[in-house]
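So this block is input-v3.txt, compact mmCIF, C-alpha atoms and all ligand atoms:
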```txt
# COMPACT_ATOMS: atom_id res chain seq x y z
CA MET A 1 67.87 -0.56 -125.47
CA LYS A 2 67.90 -2.91 -122.49
CA THR A 3 67.36 -5.93 -124.73
CA PHE A 4 70.28 -4.87 -126.89
CA LYS A 5 72.64 -4.69 -123.90
CA ASN A 6 71.46 -8.09 -122.66
CA LEU A 7 72.49 -9.60 -125.97
CA ILE A 8 75.85 -7.85 -126.18
CA ALA A 9 77.19 -8.57 -122.66
CA PRO A 10 77.26 -12.41 -122.95
CA PHE A 11 78.81 -12.12 -126.43
CA GLN A 12 81.65 -9.99 -125.01
CA ARG A 13 82.24 -12.56 -122.27
CA VAL A 14 82.45 -15.33 -124.87
CA LEU A 15 85.07 -13.37 -126.84
CA LEU A 16 87.09 -12.67 -123.71
CA ALA A 17 86.96 -16.35 -122.75
CA LYS A 18 88.40 -17.08 -126.21
CA ARG A 19 91.20 -14.57 -125.42
CA LEU A 20 89.94 -12.11 -128.03
CA CYS A 21 89.24 -8.40 -127.65
CA PRO A 22 85.44 -7.89 -127.53
CA GLY A 23 85.91 -4.55 -129.32
CA CYS A 24 87.96 -5.55 -132.36
CA THR A 25 88.37 -9.38 -131.96
CA ALA A 26 92.20 -9.13 -132.02
CA PRO A 27 93.99 -11.90 -130.06
CA LEU A 28 94.90 -10.50 -126.64
CA ASP A 29 97.80 -12.95 -126.24
CA LYS A 30 99.63 -10.95 -128.91
CA MET A 31 99.19 -7.59 -127.20
CA GLN A 32 101.84 -6.00 -125.02
CA LYS A 33 101.45 -6.75 -121.32
CA HIS A 34 102.46 -4.38 -118.56
CA ALA A 35 103.20 -5.54 -114.99
CA PHE A 36 100.41 -4.30 -112.72
CA ASN A 37 100.59 -6.21 -109.45
CA GLY A 38 101.76 -9.59 -108.19
CA THR A 39 99.27 -11.69 -110.13
CA GLU A 40 97.80 -9.38 -112.77
CA GLU A 41 99.03 -7.66 -115.91
CA ILE A 42 97.49 -4.78 -117.82
CA VAL A 43 96.94 -5.54 -121.50
CA ILE A 44 96.28 -2.70 -123.90
CA CYS A 45 94.73 -3.75 -127.18
CA SER A 46 95.63 -2.06 -130.47
CA CYS A 47 92.14 -0.49 -130.34
CA ARG A 48 93.19 1.09 -127.00
CA ARG A 49 90.77 -0.91 -124.85
CA MET A 50 92.32 -1.95 -121.56
CA PHE A 51 92.14 -5.43 -120.06
CA VAL A 52 93.51 -7.24 -117.03
CA TYR A 53 95.25 -10.57 -117.49
CA ASP A 54 95.13 -12.80 -114.40
CA ARG A 55 98.25 -14.95 -114.43
CA THR A 56 97.02 -17.40 -111.79
CA ALA A 57 93.64 -17.99 -113.46
CA ASP A 58 95.14 -17.56 -116.98
CA CYS A 59 92.21 -15.45 -118.18
CA TYR A 60 91.33 -11.95 -119.33
CA ARG A 61 88.71 -9.51 -118.11
CA ARG A 62 87.89 -5.87 -118.76
CA ALA A 63 89.89 -3.44 -116.63
CA THR A 64 87.73 -1.46 -114.22
CA PHE A 65 87.72 2.32 -114.37
CA ARG A 66 89.71 2.38 -111.13
CA GLU A 67 92.37 0.01 -112.49
CA ALA A 68 92.70 2.02 -115.70
CA GLU A 69 93.10 5.19 -113.64
CA GLU A 70 95.72 3.63 -111.38
CA PHE A 71 97.66 2.29 -114.34
CA SER A 72 97.67 5.62 -116.21
CA LYS A 73 99.03 7.35 -113.08
CA ARG A 74 101.99 4.97 -113.01
CA ALA A 75 102.76 5.11 -116.71
ZN ZN A 101 90.71 -4.43 -129.43
```
As structure tokens, how would this structure be written, given the file I've shared?
Amino acid sequence: MKTFKNLIAPFQRVLLAKRLCPGCTAPLDKMQKHAFNGTEEIVICSCRRMFVYDRTADCYRRATFREAEEFSKRA
């Protein structure tokens, strides 16, 4: 199973770099963004995966468990 994970992780990073959801390949630019802090926004994909959009770097990354928890407390 380790080999499988090693193949999947870089592929997910490539999709995120292309601004696509690694789960369902939907364009993240089209998803609703929610203010999170001064520089970052929470993006929730239609497949319910949660991402963080960094406005200063203009890029997406997966939300950490802690960020998802913090966001759900506020909502
Ligand atoms: Zn998705």
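Distances to ligand ZN 101 (chain A) were evaluated for A:Lys33, A:Arg74, A:Arg48, A:Lys5 using only C-alpha atoms and all ligand atoms, and the minimum falls at A:Arg48.
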Please identify every polymer residue within 9 Å of ligand ZN 101 (chain A), using all atoms listed in the file, and present the set as a list of chain:residue names.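 Listing the residues within 9 Å of ligand ZN 101 (chain A) gives A:Leu20, A:Cys21, A:Pro22, A:Gly23, A:Cys24, A:Thr25, A:Ala26, A:Pro27, A:Leu28, A:Ile44, A:Cys45, A:Ser46, A:Cys47, A:Arg48, A:Arg49, A:Met50.
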Do you know which residues are at most 12 Å from Thr64 (chain A) counting only C-alpha atoms, after dropping those on the same chain fewer than 6 positions away, and could you put them as an mmCIF file with C-alpha atoms, in the coordinates of the input?
```cif
data_model
loop_
_atom_site.group_PDB
_atom_site.id
_atom_site.type_symbol
_atom_site.label_atom_id
_atom_site.label_comp_id
_atom_site.auth_asym_id
_atom_site.auth_seq_id
_atom_site.Cartn_x
_atom_site.Cartn_y
_atom_site.Cartn_z
ATOM 1 C CA ILE A 42 97.490 -4.780 -117.820
ATOM 2 C CA ARG A 49 90.770 -0.910 -124.850
ATOM 3 C CA MET A 50 92.320 -1.950 -121.560
ATOM 4 C CA PHE A 51 92.140 -5.430 -120.060
ATOM 5 C CA VAL A 52 93.510 -7.240 -117.030
ATOM 6 C CA GLU A 70 95.720 3.630 -111.380
ATOM 7 C CA PHE A 71 97.660 2.290 -114.340
#
```
Rounded to one decimal, what separation in Å do you get between CA of Glu40 (chain A) and CA of Thr56 (chain A)?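 Interatomic distance here is 8.1 Å.
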Which protein, DNA or RNA residues have an atom at most 8 Å from (96.2, -14.0, -120.6), counting all atoms listed in the file? List them as a VMD selection string. chain A and resid 19 28 to 29 53 to 55 58 to 60
Quote the spacing between CA of Phe36 (chain A) and CA of Ser72 (chain A) in Å to one decimal place.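 CA of Ser72 (chain A) lies 10.9 Å from CA of Phe36 (chain A).
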Could you jot down the CA of Arg62 (chain A) to CA of Gly38 (chain A) separation for me, Å, one decimal place? 17.8 Å
Mind giving me the axis-aligned box for region 66-70 of chain A with 3 Å on every side, centre plus edges in Å to one decimal, as lines of an AutoDock Vina configuration file?
```
center_x = 92.7
center_y = 2.6
center_z = -113.4
size_x = 12.0
size_y = 11.2
size_z = 10.6
```
Which of A:Val43, A:Met31, A:Ala63, A:Ala57 sits closest to Ala17 (chain A) [using only C-alpha atoms]: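 Closest to Ala17 (chain A) of all the choices is A:Ala57.
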